[in-house]
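So this block is start.txt, compact mmCIF, C-alpha atoms and all ligand atoms:
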# COMPACT_ATOMS: atom_id res chain seq x y z
CA MET A 1 -35.72 5.25 54.81
CA ASN A 2 -37.94 7.71 53.03
CA GLN A 3 -40.92 6.54 50.99
CA ILE A 4 -39.37 7.59 47.69
CA ASP A 5 -36.27 5.44 48.21
CA ALA A 6 -37.28 2.80 45.75
CA LEU A 7 -38.57 4.91 42.86
CA LYS A 8 -36.82 4.30 39.58
CA PHE A 9 -36.93 6.81 36.79
CA PRO A 10 -35.87 5.99 33.23
CA ASP A 11 -32.34 6.53 31.97
CA GLY A 12 -32.08 9.86 30.23
CA PHE A 13 -34.74 11.43 32.45
CA LEU A 14 -33.94 15.10 32.95
CA TRP A 15 -33.60 16.27 36.53
CA GLY A 16 -33.46 20.01 36.26
CA ILE A 17 -34.11 23.39 37.79
CA ALA A 18 -35.96 26.37 36.29
CA THR A 19 -35.43 30.13 36.60
CA ALA A 20 -36.68 33.25 34.76
CA PRO A 21 -34.62 36.31 33.72
CA THR A 22 -36.65 39.04 35.45
CA GLN A 23 -36.65 37.07 38.68
CA VAL A 24 -32.92 36.48 38.92
CA GLU A 25 -30.85 38.56 36.52
CA GLY A 26 -31.28 42.19 37.58
CA HIS A 27 -30.25 45.20 35.40
CA ILE A 28 -33.17 44.69 33.02
CA SER A 29 -35.26 47.27 31.17
CA ASN A 30 -38.73 45.86 30.80
CA GLU A 31 -42.16 46.52 32.31
CA TRP A 32 -40.96 45.17 35.68
CA THR A 33 -38.11 47.65 36.09
CA ASP A 34 -40.29 50.36 37.69
CA PHE A 35 -42.77 47.98 39.27
CA VAL A 36 -42.96 48.06 43.06
CA ALA A 37 -43.91 44.73 44.60
CA GLN A 38 -46.16 44.25 47.64
CA ASP A 39 -43.16 44.14 49.98
CA GLY A 40 -41.91 47.47 48.58
CA SER A 41 -39.09 45.82 46.61
CA ASN A 42 -38.21 45.76 42.92
CA CYS A 43 -36.31 43.55 40.49
CA ARG A 44 -33.55 46.01 39.64
CA VAL A 45 -30.79 43.90 41.12
CA ALA A 46 -32.69 40.70 41.96
CA CYS A 47 -30.03 37.98 42.48
CA ASP A 48 -27.58 39.82 40.22
CA HIS A 49 -27.42 36.64 38.18
CA TYR A 50 -26.59 38.87 35.19
CA HIS A 51 -23.11 39.35 36.64
CA ARG A 52 -22.94 36.11 38.57
CA TYR A 53 -24.19 33.47 36.18
CA ALA A 54 -20.84 31.67 36.23
CA GLU A 55 -21.13 31.22 39.99
CA ASP A 56 -24.75 30.12 39.60
CA VAL A 57 -23.74 27.44 37.08
CA GLN A 58 -21.45 26.20 39.86
CA TRP A 59 -24.48 25.92 42.11
CA LEU A 60 -26.29 23.92 39.43
CA THR A 61 -23.27 21.63 39.26
CA GLU A 62 -23.19 21.37 43.02
CA LEU A 63 -26.85 20.33 42.93
CA GLY A 64 -26.03 17.65 40.38
CA VAL A 65 -28.76 18.47 37.87
CA ASN A 66 -28.47 17.42 34.25
CA ALA A 67 -30.85 20.08 32.88
CA TYR A 68 -31.57 23.77 33.34
CA ARG A 69 -34.66 25.64 32.14
CA MET A 70 -33.59 29.25 31.65
CA GLY A 71 -35.11 32.27 29.98
CA ILE A 72 -33.50 34.61 27.51
CA GLU A 73 -34.61 38.19 28.00
CA TRP A 74 -36.05 39.68 24.81
CA SER A 75 -35.55 43.27 25.98
CA ARG A 76 -31.77 42.72 26.13
CA LEU A 77 -31.55 41.48 22.60
CA GLN A 78 -33.65 43.80 20.46
CA SER A 79 -33.72 47.57 20.75
CA GLY A 80 -36.71 47.90 18.43
CA PRO A 81 -38.98 45.93 16.11
CA TYR A 82 -37.14 43.81 13.56
CA THR A 83 -33.67 45.01 14.59
CA ALA A 84 -30.61 42.79 14.65
CA LEU A 85 -29.85 41.00 17.92
CA ASN A 86 -27.49 42.77 20.30
CA GLY A 87 -24.20 40.94 19.82
CA GLN A 88 -22.78 41.62 23.26
CA GLU A 89 -25.85 40.40 25.11
CA LEU A 90 -26.07 37.38 22.84
CA GLU A 91 -22.45 36.53 23.66
CA ARG A 92 -23.27 36.59 27.34
CA TYR A 93 -26.04 34.04 26.92
CA ILE A 94 -23.80 31.96 24.64
CA ASP A 95 -21.16 31.95 27.35
CA LEU A 96 -23.78 30.76 29.84
CA LEU A 97 -24.90 28.00 27.46
CA ASP A 98 -21.31 26.92 26.87
CA ARG A 99 -20.67 26.75 30.61
CA LEU A 100 -23.76 24.60 31.01
CA LYS A 101 -22.58 22.33 28.25
CA SER A 102 -19.15 21.86 29.75
CA SER A 103 -20.88 21.02 33.05
CA GLY A 104 -23.01 18.35 31.37
CA ILE A 105 -26.23 20.33 31.85
CA GLU A 106 -28.79 20.40 29.03
CA PRO A 107 -30.55 23.75 28.59
CA MET A 108 -34.22 24.25 27.90
CA VAL A 109 -34.59 27.85 26.67
CA VAL A 110 -37.75 29.85 27.43
CA LEU A 111 -38.45 32.59 24.91
CA HIS A 112 -41.12 34.51 26.84
CA HIS A 113 -41.55 34.52 30.61
CA PHE A 114 -43.85 37.39 31.67
CA SER A 115 -41.73 40.21 30.19
CA ASN A 116 -41.41 42.26 27.02
CA PRO A 117 -39.18 44.97 25.62
CA PRO A 118 -40.45 48.51 26.38
CA TRP A 119 -41.25 49.11 22.70
CA ILE A 120 -43.68 46.19 22.70
CA ASN A 121 -45.45 47.56 25.77
CA SER A 122 -45.63 51.11 24.44
CA ALA A 123 -47.30 49.79 21.28
CA GLY A 124 -50.10 48.16 23.30
CA GLY A 125 -48.39 44.94 24.32
CA TRP A 126 -49.78 41.61 23.15
CA VAL A 127 -53.25 43.07 22.62
CA ASN A 128 -51.78 44.58 19.48
CA PRO A 129 -51.67 41.92 16.73
CA ALA A 130 -48.32 43.38 15.60
CA ALA A 131 -46.68 41.88 18.71
CA ALA A 132 -46.92 38.38 17.25
CA PRO A 133 -44.85 38.91 14.08
CA MET A 134 -42.36 41.00 16.08
CA PHE A 135 -41.91 38.14 18.52
CA VAL A 136 -41.63 35.64 15.66
CA ASP A 137 -38.90 37.81 14.11
CA TYR A 138 -37.01 37.91 17.42
CA ALA A 139 -37.44 34.22 18.15
CA THR A 140 -36.40 33.02 14.72
CA LYS A 141 -33.28 35.20 14.85
CA LEU A 142 -32.45 33.86 18.29
CA VAL A 143 -33.09 30.25 17.34
CA SER A 144 -30.85 30.68 14.29
CA ALA A 145 -28.12 32.18 16.44
CA LEU A 146 -28.30 29.49 19.15
CA GLY A 147 -29.70 26.56 17.20
CA ASP A 148 -26.70 24.29 17.51
CA ARG A 149 -26.45 24.87 21.26
CA VAL A 150 -30.08 24.36 22.22
CA ARG A 151 -32.31 21.35 21.58
CA LEU A 152 -35.21 22.10 23.94
CA TRP A 153 -37.31 25.21 23.36
CA ASN A 154 -40.14 26.55 25.41
CA THR A 155 -41.89 29.33 23.51
CA PHE A 156 -44.24 30.77 26.17
CA ASN A 157 -44.23 30.29 29.90
CA GLU A 158 -47.76 30.20 31.29
CA PRO A 159 -49.58 32.41 28.76
CA ASP A 160 -52.66 32.00 31.00
CA THR A 161 -50.91 33.49 34.04
CA TYR A 162 -49.42 36.31 31.99
CA ALA A 163 -52.65 37.31 30.25
CA SER A 164 -54.81 37.00 33.37
CA LEU A 165 -52.50 38.85 35.73
CA VAL A 166 -51.93 41.68 33.26
CA TYR A 167 -55.50 42.06 31.96
CA LEU A 168 -57.94 40.48 34.43
CA LEU A 169 -56.52 40.54 37.92
CA GLY A 170 -54.26 43.59 37.88
CA GLY A 171 -51.27 41.81 39.44
CA PHE A 172 -48.67 42.27 36.69
CA PRO A 173 -47.78 45.60 35.07
CA PRO A 174 -49.53 47.52 33.59
CA CYS A 175 -52.10 46.03 36.03
CA HIS A 176 -55.38 46.19 34.13
CA LYS A 177 -58.56 44.64 35.53
CA TRP A 178 -61.45 42.74 34.00
CA ARG A 179 -60.47 43.30 30.37
CA LEU A 180 -61.72 39.96 29.17
CA TRP A 181 -61.53 40.96 25.54
CA SER A 182 -57.86 41.91 25.89
CA PHE A 183 -57.18 38.62 27.67
CA ARG A 184 -58.65 36.72 24.73
CA LYS A 185 -56.67 38.74 22.20
CA VAL A 186 -53.40 38.22 24.04
CA ILE A 187 -53.96 34.46 24.16
CA ALA A 188 -54.89 34.39 20.47
CA HIS A 189 -51.80 36.37 19.45
CA MET A 190 -49.46 34.32 21.60
CA ALA A 191 -50.95 31.08 20.28
CA GLU A 192 -50.39 32.26 16.72
CA ALA A 193 -46.80 33.25 17.51
CA HIS A 194 -46.23 29.88 19.20
CA VAL A 195 -47.36 28.00 16.10
CA GLN A 196 -45.09 29.99 13.81
CA VAL A 197 -42.02 29.83 16.02
CA SER A 198 -42.55 26.13 16.68
CA ARG A 199 -42.79 25.35 12.98
CA PHE A 200 -39.55 27.24 12.39
CA ILE A 201 -37.82 25.34 15.20
CA GLN A 202 -39.07 21.97 13.97
CA GLN A 203 -37.77 22.64 10.48
CA ARG A 204 -34.26 23.20 11.81
CA ARG A 205 -32.81 19.78 12.30
CA THR A 206 -29.22 20.91 12.25
CA VAL A 207 -28.42 19.76 15.76
CA GLY A 208 -28.15 16.09 14.89
CA VAL A 209 -31.11 15.20 17.04
CA SER A 210 -34.48 16.77 16.41
CA PRO A 211 -35.26 19.87 18.40
CA GLU A 212 -38.22 19.81 20.79
CA VAL A 213 -40.65 22.66 21.32
CA GLY A 214 -43.71 23.40 23.42
CA ILE A 215 -45.40 25.84 25.76
CA ALA A 216 -45.42 25.59 29.55
CA LYS A 217 -49.02 25.54 30.78
CA ASN A 218 -49.68 26.37 34.37
CA TRP A 219 -52.28 23.90 35.55
CA THR A 220 -54.15 24.92 38.68
CA PHE A 221 -57.15 22.91 39.80
CA PHE A 222 -60.09 25.15 40.70
CA ASN A 223 -62.53 23.38 42.99
CA PRO A 224 -65.49 24.24 45.20
CA LEU A 225 -64.93 23.90 48.94
CA ARG A 226 -68.47 22.65 49.57
CA CYS A 227 -69.79 20.05 47.16
CA PHE A 228 -73.36 21.24 47.45
CA SER A 229 -72.87 24.98 47.21
CA PRO A 230 -73.55 26.41 43.74
CA TRP A 231 -71.79 29.59 44.89
CA ASP A 232 -68.56 27.65 45.38
CA HIS A 233 -68.98 25.82 42.10
CA LEU A 234 -69.58 28.92 40.01
CA PRO A 235 -66.23 30.72 40.44
CA ALA A 236 -64.34 27.43 40.31
CA ALA A 237 -65.98 26.49 37.02
CA LEU A 238 -65.42 29.97 35.59
CA CYS A 239 -61.73 29.98 36.48
CA HIS A 240 -61.26 26.51 35.06
CA GLN A 241 -62.97 27.55 31.86
CA VAL A 242 -60.97 30.74 31.36
CA PHE A 243 -57.52 29.82 32.64
CA ASN A 244 -57.29 26.12 31.76
CA HIS A 245 -59.77 25.07 29.12
CA TYR A 246 -59.79 28.16 26.92
CA VAL A 247 -56.02 28.61 26.95
CA LEU A 248 -55.16 24.97 26.23
CA ASN A 249 -57.60 24.93 23.35
CA ALA A 250 -56.10 28.10 21.90
CA PHE A 251 -52.62 26.56 21.81
CA LEU A 252 -53.27 22.90 21.18
CA ASP A 253 -56.60 22.24 19.55
CA GLY A 254 -57.00 20.81 16.07
CA PRO A 255 -54.15 21.34 13.61
CA ARG A 256 -52.32 23.57 16.12
CA ARG A 257 -51.33 20.52 18.14
CA ALA A 258 -48.83 19.55 15.44
CA ALA A 259 -46.81 22.67 16.19
CA SER A 260 -45.79 21.32 19.61
CA THR A 261 -43.59 18.29 20.13
CA PHE A 262 -44.11 18.34 23.91
CA LEU A 263 -46.33 19.86 26.52
CA GLY A 264 -44.74 21.64 29.47
CA LEU A 265 -46.64 21.42 32.74
CA ASN A 266 -46.11 23.86 35.59
CA TYR A 267 -47.86 22.31 38.54
CA TYR A 268 -48.26 23.82 42.00
CA GLY A 269 -51.67 22.73 43.31
CA GLN A 270 -55.24 23.84 43.66
CA VAL A 271 -57.40 26.79 44.60
CA ARG A 272 -60.68 26.06 46.35
CA PHE A 273 -63.49 28.57 46.52
CA LYS A 274 -65.87 29.40 49.32
CA GLY A 275 -68.33 31.60 47.54
CA PHE A 276 -66.15 33.96 45.55
CA GLN A 277 -63.30 33.82 48.05
CA PRO A 278 -60.29 31.85 46.84
CA LEU A 279 -58.92 29.89 49.80
CA VAL A 280 -55.22 30.52 49.39
CA PRO A 281 -52.73 32.43 51.54
CA GLY A 282 -52.63 36.08 50.62
CA SER A 283 -56.17 36.26 49.21
CA GLY A 284 -57.91 37.35 52.37
CA ALA A 285 -57.88 33.86 53.91
CA SER A 286 -55.88 33.72 57.14
CA ARG A 287 -53.58 30.83 58.04
CA GLN A 288 -55.91 29.92 60.90
CA GLN A 289 -58.89 29.82 58.55
CA LEU A 290 -57.02 27.58 56.10
CA ASP A 291 -55.77 25.30 58.88
CA HIS A 292 -59.23 25.12 60.35
CA LEU A 293 -60.62 24.00 56.99
CA GLY A 294 -57.86 21.40 56.77
CA LEU A 295 -56.26 22.92 53.67
CA VAL A 296 -52.52 22.20 53.43
CA CYS A 297 -50.91 25.19 51.75
CA ASP A 298 -47.42 26.48 51.09
CA ASP A 299 -47.17 30.29 51.08
CA MET A 300 -49.02 30.45 47.73
CA VAL A 301 -51.60 27.72 47.04
CA GLU A 302 -53.16 24.59 48.44
CA ARG A 303 -51.02 21.53 47.86
CA TYR A 304 -52.65 18.73 45.92
CA PRO A 305 -50.10 16.04 45.01
CA ALA A 306 -52.73 13.61 43.68
CA GLY A 307 -53.75 16.28 41.19
CA LEU A 308 -50.39 15.94 39.44
CA GLY A 309 -51.34 12.38 38.49
CA THR A 310 -54.81 13.46 37.41
CA ILE A 311 -53.57 16.15 35.08
CA LEU A 312 -50.74 14.04 33.66
CA ARG A 313 -53.20 11.29 32.75
CA LYS A 314 -55.62 13.81 31.27
CA PHE A 315 -52.90 15.41 29.12
CA HIS A 316 -51.72 11.98 28.02
CA ARG A 317 -55.21 10.86 26.98
CA ARG A 318 -56.04 14.10 25.27
CA TYR A 319 -52.85 15.14 23.48
CA ARG A 320 -50.54 12.11 23.34
CA LEU A 321 -47.58 14.44 23.66
CA PRO A 322 -44.58 13.79 25.89
CA VAL A 323 -44.62 16.01 28.94
CA TYR A 324 -41.91 17.87 30.79
CA ILE A 325 -42.78 19.06 34.29
CA THR A 326 -41.35 22.47 33.49
CA GLU A 327 -41.95 23.78 37.02
CA HIS A 328 -42.84 22.39 40.38
CA GLY A 329 -41.87 23.71 43.78
CA ALA A 330 -43.17 25.04 47.08
CA ALA A 331 -42.67 28.39 48.82
CA SER A 332 -42.06 28.01 52.54
CA GLN A 333 -39.47 28.69 55.18
CA ASP A 334 -40.14 25.20 56.49
CA ALA A 335 -37.65 22.85 54.81
CA ASP A 336 -39.36 19.73 56.15
CA PHE A 337 -42.63 20.82 54.61
CA ARG A 338 -40.97 21.37 51.23
CA ILE A 339 -39.11 18.06 51.32
CA ARG A 340 -42.28 16.17 52.20
CA ASP A 341 -44.17 18.01 49.47
CA LEU A 342 -41.54 17.18 46.86
CA SER A 343 -41.45 13.51 47.88
CA LEU A 344 -45.22 13.23 47.60
CA HIS A 345 -45.25 14.79 44.15
CA LEU A 346 -42.41 12.59 42.89
CA ARG A 347 -44.23 9.48 44.03
CA VAL A 348 -47.34 10.56 42.11
CA LEU A 349 -45.22 11.40 39.08
CA HIS A 350 -43.59 8.00 39.24
CA ASP A 351 -46.95 6.20 39.43
CA ALA A 352 -48.26 8.09 36.40
CA MET A 353 -45.11 7.21 34.44
CA ASN A 354 -45.49 3.56 35.42
CA GLU A 355 -48.97 3.66 33.97
CA GLY A 356 -47.56 4.82 30.67
CA VAL A 357 -47.64 8.61 30.78
CA ALA A 358 -44.54 9.79 28.89
CA VAL A 359 -42.76 12.31 31.11
CA ARG A 360 -39.25 13.22 30.04
CA GLY A 361 -38.05 15.50 32.78
CA PHE A 362 -38.73 17.40 35.96
CA PHE A 363 -37.57 20.97 36.63
CA TYR A 364 -37.70 22.15 40.21
CA TRP A 365 -38.82 25.73 40.74
CA THR A 366 -36.32 27.23 41.55
CA LEU A 367 -32.55 27.60 41.90
CA LEU A 368 -32.37 30.75 44.03
CA ASP A 369 -34.70 32.61 46.33
CA CYS A 370 -35.64 35.39 43.95
CA PHE A 371 -38.04 38.15 42.87
CA GLU A 372 -41.50 36.55 43.03
CA TRP A 373 -43.29 39.07 40.80
CA GLN A 374 -46.03 40.99 42.68
CA PHE A 375 -44.90 39.50 46.00
CA GLY A 376 -41.27 40.62 45.84
CA TYR A 377 -38.77 38.63 47.90
CA THR A 378 -41.12 37.23 50.53
CA LYS A 379 -41.73 33.85 48.91
CA LYS A 380 -38.89 31.38 49.41
CA PHE A 381 -38.80 28.85 46.59
CA GLY A 382 -35.00 28.49 46.28
CA LEU A 383 -32.94 25.34 46.59
CA VAL A 384 -30.18 27.83 47.29
CA THR A 385 -31.06 30.73 49.58
CA VAL A 386 -29.94 34.31 48.97
CA ASP A 387 -29.38 36.87 51.72
CA PHE A 388 -31.02 39.98 50.25
CA ASN A 389 -30.04 42.05 53.31
CA ASP A 390 -26.40 41.69 52.38
CA PRO A 391 -25.41 43.73 49.28
CA ALA A 392 -23.03 40.91 48.34
CA LEU A 393 -26.13 38.66 47.91
CA PRO A 394 -24.42 35.57 49.32
CA ARG A 395 -25.91 32.22 48.32
CA LYS A 396 -26.19 29.24 50.62
CA MET A 397 -27.37 25.67 50.03
CA THR A 398 -30.63 24.75 51.77
CA ARG A 399 -31.71 21.39 53.15
CA VAL A 400 -34.22 21.18 50.32
CA GLY A 401 -31.30 21.66 47.92
CA GLU A 402 -29.41 18.82 49.59
CA PHE A 403 -32.48 16.64 49.32
CA TYR A 404 -32.86 17.42 45.62
CA ARG A 405 -29.16 16.78 45.08
CA GLY A 406 -29.75 13.31 46.54
CA ILE A 407 -32.47 12.69 43.99
CA CYS A 408 -30.40 13.93 41.05
CA ALA A 409 -27.32 12.00 42.11
CA ALA A 410 -29.03 8.67 42.79
CA PRO A 411 -27.45 5.86 40.81
CA HIS A 412 -29.48 4.31 38.02
CA ARG A 413 -31.88 7.22 38.27
CA GLU A 414 -33.21 5.91 41.56
CA ALA A 415 -34.52 8.63 43.76
CA ILE A 416 -32.83 8.18 47.10
CA ALA A 417 -33.90 10.46 49.89
CA ARG A 418 -31.38 11.46 52.47
CA SER A 419 -33.79 12.50 55.10
C1 LIG A 501 -44.04 31.10 37.24
C2 LIG A 501 -42.82 31.51 38.02
C3 LIG A 501 -43.21 31.79 39.45
C4 LIG A 501 -43.72 30.49 40.05
C5 LIG A 501 -44.07 30.57 41.52
C6 LIG A 501 -44.91 30.12 37.98
O1 LIG A 501 -46.23 30.46 37.79
O2 LIG A 501 -43.68 30.62 35.98
O3 LIG A 501 -42.26 32.63 37.40
O4 LIG A 501 -42.17 32.32 40.20
O5 LIG A 501 -44.86 30.09 39.36
O6 LIG A 501 -45.15 31.40 41.75

Could you render the structure as C-alpha cells?
Amino acid sequence: MNQIDALKFPDGFLWGIATAPTQVEGHISNEWTDFVAQDGSNCRVACDHYHRYAEDVQWLTELGVNAYRMGIEWSRLQSGPYTALNGQELERYIDLLDRLKSSGIEPMVVLHHFSNPPWINSAGGWVNPAAAPMFVDYATKLVSALGDRVRLWNTFNEPDTYASLVYLLGGFPPCHKWRLWSFRKVIAHMAEAHVQVSRFIQQRRTVGVSPEVGIAKNWTFFNPLRCFSPWDHLPAALCHQVFNHYVLNAFLDGPRRAASTFLGLNYYGQVRFKGFQPLVPGSGASRQQLDHLGLVCDDMVERYPAGLGTILRKFHRRYRLPVYITEHGAASQDADFRIRDLSLHLRVLHDAMNEGVAVRGFFYWTLLDCFEWQFGYTKKFGLVTVDFNDPALPRKMTRVGEFYRGICAAPHREAIARS
C-alpha cells in the first residue's frame, strides 16, 4: 500500500490536467512560430492537438479527470486590434468545450499563456500600454461568447515567468535581457488588464453559479545553498523580490485583491544559489554536482514538496482566497521518480487542506509530452507520451498516467495509489 492510500479529499474537488495552446496545438501564428528551441525544434506542429482535440478529450476521459485547464489562443481569434472574433476558430473551441461537457469535464479557460498575436508584438508587446485595453477588448468578447459554457477563468498564466523570460533572461521571444524597466511595465499592464477583465467576468452571473476568476502565479522558492554565505543569499533574495513579491503585489495588493475570486498556484519547487549560480539542471550545474550536493531534481528544478505546504499556508494567511493548484508536475523519463514526487506533493496538499487552507482543485501538468518552450521536446511532463519521431504523433498512456487515473477514480475522493 502506498502512503497516499488513506488521503481523503472533499467532494467536488477538481482533479484536472492543464495544457497550453502553443505547447500542444500546432499551426499557430504567434511569436513562437519562428522560434527555434535549444534542441533545434519548433512548435509548428507540436502535438497537432489543433486537429486532434477530439482524440485528446478521449485521453482526458480515459484518465478519469473531472476538470481541464486549457488555453484559448488569442492570435487565432483576432486578426487586429478591436476586430470581431474569428467565427470559425471560435466554433472549434466551442466544439472542444462541448465535448468536455458531454464527458463530464469542467473547463478552466486560460486567456493568456506566454503568447500574443503578431500585431501585439509588432506594436511593442506588453511594454506598450495599448496592449492592456486591446487584451481587455479580446477577453470581454471571448467571455461574452463563451460565458454560458465556462465558469472558471484564468486571466494570465505566470505573468512573472512571461515578463522575466522575455525581458530579463532572454529565454522567450523576442529574447531581451536585463530590461528591468520593461519587466515592470509588462507586469503593471497585465495587472491592470487582469483587474478589468476580472471585474467584467464577475459581473456576468448568467451561468447560474457565479463565475470564478484569478491569475496563476508560479511560485518558486529561491534559497541560498549555504546559510552563512551572503553571496548565496543575495541572488536568492533578489529573485524572490522580483519574481514573487513584486508580481504578487502588483496583482493582488490593496483594492486589486477584490478583482480575483481565487488564486491559482503553479508549483514546481525551488532554486538554490551557490554564489550567482542557480543549482538546477540546465543552468551550468551538472547532474553529478547536484547529486553530490544532495539536491533532488527533476529535469528542471529542485523538488521541494514541503514548500507546497509553506506557500499554501502563506497564501491563505495573506489573501484568504480559495486556491487552485493550476499546475504541478515533474519532467523526467523515470516514471517511479514522478509517481513518488506526485505522492509526496499530494500528501503535503492534503495536510494543508486539513489545517484549513481552502484548495478547490489540482491540475497536473500536463496531458501530453509537448513543446516545452525554450527547451523544445526534451522535457517529458506528459501523463500520455507522444512519439515525435513518428509523423502520426501516436499517443500512449504512461505509468504516471495510470497512477493519476487511480487518484482521479478513487471512490469518495480517496486517493488510492496503484503502485
Ligand atoms: C508553464 C508551462 C510549462 C511548465 C513546465 C509552467 O511554468 O506554465 O507552460 O510547460 O511550467 O516548465

Got a sec to check which residues lie within 7 Å of ligand LIG 501 (chain A), using all atoms listed in the file, and send them as a PyMOL selection string? chain A and resi 20+113+157-158+161+218+266+365+372-373

For Ala306 in chain A, work out the shell of residues within 8 Å, counting all atoms listed in the file and skipping chain neighbours fewer than 3 positions away, then give it as a PyMOL selection string. chain A and resi 309-310+345+348

Enumerate, as a list of chain:residue names, the protein, DNA and RNA residues whose atoms approach (-36.2, 30.6, 13.7) to within 7 Å, taking into account all atoms listed in the file and the coordinate frame of the file. A:Ala139, A:Thr140, A:Lys141, A:Leu142, A:Val143, A:Ser144, A:Val197, A:Phe200, A:Ile201

Give me the residues within 6 Å of Leu265 in chain A as a VMD selection string, counting all atoms listed in the file and dropping any in the same chain fewer than 3 places off. chain A and resid 216 to 217 325 to 326

What is the distance, in Å and to one decimal place, between CA of Gln289 in chain A and CA of Gln277 in chain A?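 Straight-line distance from CA of Gln289 in chain A to CA of Gln277 in chain A works out to 12.1 Å.
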
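Picture a line from CA of His176 in chain A to CA of His189 in chain A; it runs 18.0 Å.
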
Non-local contacts of Gly254 in chain A (12 Å; only C-alpha atoms; under 5 positions in same chain excluded) as a ChimeraX atom specification: /A:248-249,259-260,318-319

From the list A:Arg272, A:Arg317, A:Arg151, A:Lys396, the nearest residue to Gln202 in chain A using only C-alpha atoms is A:Arg151

Contacts of Lys101 in chain A within 12 Å, all atoms listed in the file, excl. fewer than 6 positions in-chain, as a list in words: Val57, Leu60, Thr61, Asn66, Ala67, Tyr68, Ile94, Asp95, Pro107, Met108, Asp148, Arg149, Val150 and Arg151 of chain A

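Using all atoms listed in the file, the nearest neighbour of Gly16 in chain A within the list A:Val45, A:Leu169, A:Leu238, A:Leu63 is A:Leu63.
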
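Excluding Lys185 in chain A itself and same-chain residues fewer than 2 positions from it, the residues having an atom within 9 Å of it are Trp126, Val127, Asn128, Pro129, Leu180, Trp181, Ser182, Phe183, Ile187, Ala188, His189 and Met190 of chain A, counting only C-alpha atoms.
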
Selected residue, from A:Gly282, A:Pro322, A:Pro118, A:Pro224, that lies nearest to Ala237 in chain A when counting only C-alpha atoms: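 Comparing A:Gly282, A:Pro322, A:Pro118, A:Pro224 against Ala237 in chain A, the winner is A:Pro224.
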